[in-house]
Amino acid sequence: GAGVSQSPSNKVTEKGKDVELRCDPISGHTALYWYRQSLGQGLEFLIYFQGNSAPDKSGLPSDRFSAERTGGSVSTLTIQRTQQEDSAVYLCASSLAGGMTNTQYFGPGTRLTVL
Amino acid sequence: GQNIDQPTEMTATEGAIVQINCTYQTSGFNGLFWYQQHAGEAPTFLSYNVLDGLEEKGRFSSFLSRSKGYSYLLLKELQMKDSASYLCARGGSGGYQKVTFGIGTKLQVIP
């Protein structure tokens with residue numbers, strides 16, 4: 001079956017522009033996570049969705065970052081007024097439910113480069 | 001914080017055994033994950049330990065000691081395709097799979 005997909009795979013933007021990153025989770029997965037992986041850094045948690053709700057947004061680095069999820073499926077991560085330090089690979093993962101024993105399946109990521 | 005420490009790089013020989021260690025802060029601990037990540041690819045799940053002891057899964061085994069805040073991933077009969085980064089990740093409290101990842105150990109398998 002289809003795995004987690006993300007688009008675009010690569011995005012180059014100029015400083016100050018807004019970007020939208022999309023994640024299509026595995027069908028039927030209620031939990032969805034966004035992470036950021038910067039060069040030389042571990043995966044950094046950004047936000048968790050259960051259905052369309054985001055019980056934990058604690059990882060969003062600033063108010064320039066926002067995310068939504070609609071229909072319990074597709075999620076969009078939006079970064080406004082991008083800065084060079086936003087350059088990273090943005091990974092999305094989904095799992096059947098939010099519990100600890102539910103395996104997270106990761107998408108291929110979106111590599112964001114802010115010039 | 002939830003500091004997770006693991007070596008940044010390791011090198012091992014094809015056919016050999018390698019152990020990748022990970023230490024973490026014990027407060028609020030709720031399980032230890034290991035993921036494999038090949039260069040330029042997404043992480044893939046390897047193991048989840050919540051109780052003390054060793055869990056074996058084919059060539060890969062994972063060990064946990066909750067009292068010591070210590071885990072290791074053991075890879076046997078190394079193959080060239082095992083060259084990848086191995087991410088140690090600590091589960092925390094919060095009612096969902098809130099996971100904090102370490103920086104990862106880049107393993108290079110040489111002939």
# chains A, B, ... in the order shown; residues from 1 in each chain; ligands from 1

$ interface_residues --of "chain A" --to "chain B" --cutoff "7 Å" --atoms "only C-alpha atoms" --output "number ranges by chain"
A: 41-43, 98-100, 103, 105-109

$ closest_atom_pairs --of "region 24-93 of chain A" --to "region 15-19 of chain A" --cutoff "8 Å" --atoms "only C-alpha atoms" --output "Markdown table"
| residue | atom | partner | partner_atom | distance |
| --- | --- | --- | --- | --- |
| A:Thr78 | CA | A:Val19 | CA | 5.7 |
| A:Ile79 | CA | A:Val19 | CA | 5.4 |
| A:Gln80 | CA | A:Asp18 | CA | 4.3 |
| A:Arg81 | CA | A:Gly16 | CA | 3.9 |
| A:Thr82 | CA | A:Gly16 | CA | 4.8 |
| A:Gln83 | CA | A:Lys15 | CA | 5.2 |
| A:Gln84 | CA | A:Lys15 | CA | 6.5 |

$ residues_around --residues "Gly72 (chain A)" --least-positions-apart "2" --cutoff "6 Å" --atoms "only C-alpha atoms" --output "ChimeraX atom specification"
/A:51-52,70

$ atom_distance --atom1 "CA of Tyr35 (chain A)" --atom2 "CA of Ser94 (chain A)"
11.2 Å

$ residues_around --residues "Leu54 (chain B)" --least-positions-apart "2" --cutoff "12 Å" --atoms "only C-alpha atoms" --output "JSON, numbers by chain"
{"B": [47, 48, 49, 50, 51, 52, 56, 57, 60, 61, 62, 63, 64, 65, 70, 71, 72, 73, 74]}

$ atom_distance --atom1 "CA of Tyr48 (chain A)" --atom2 "CA of Asn10 (chain A)"
22.7 Å

$ closest_residue --among "A:Glu20, A:Thr101, A:Gly28, A:Ser87" --to "Ser66 (chain A)" --atoms "only C-alpha atoms"
A:Glu20

$ atom_distance --atom1 "CA of Phe49 (chain A)" --atom2 "CA of Tyr33 (chain A)"
6.3 Å
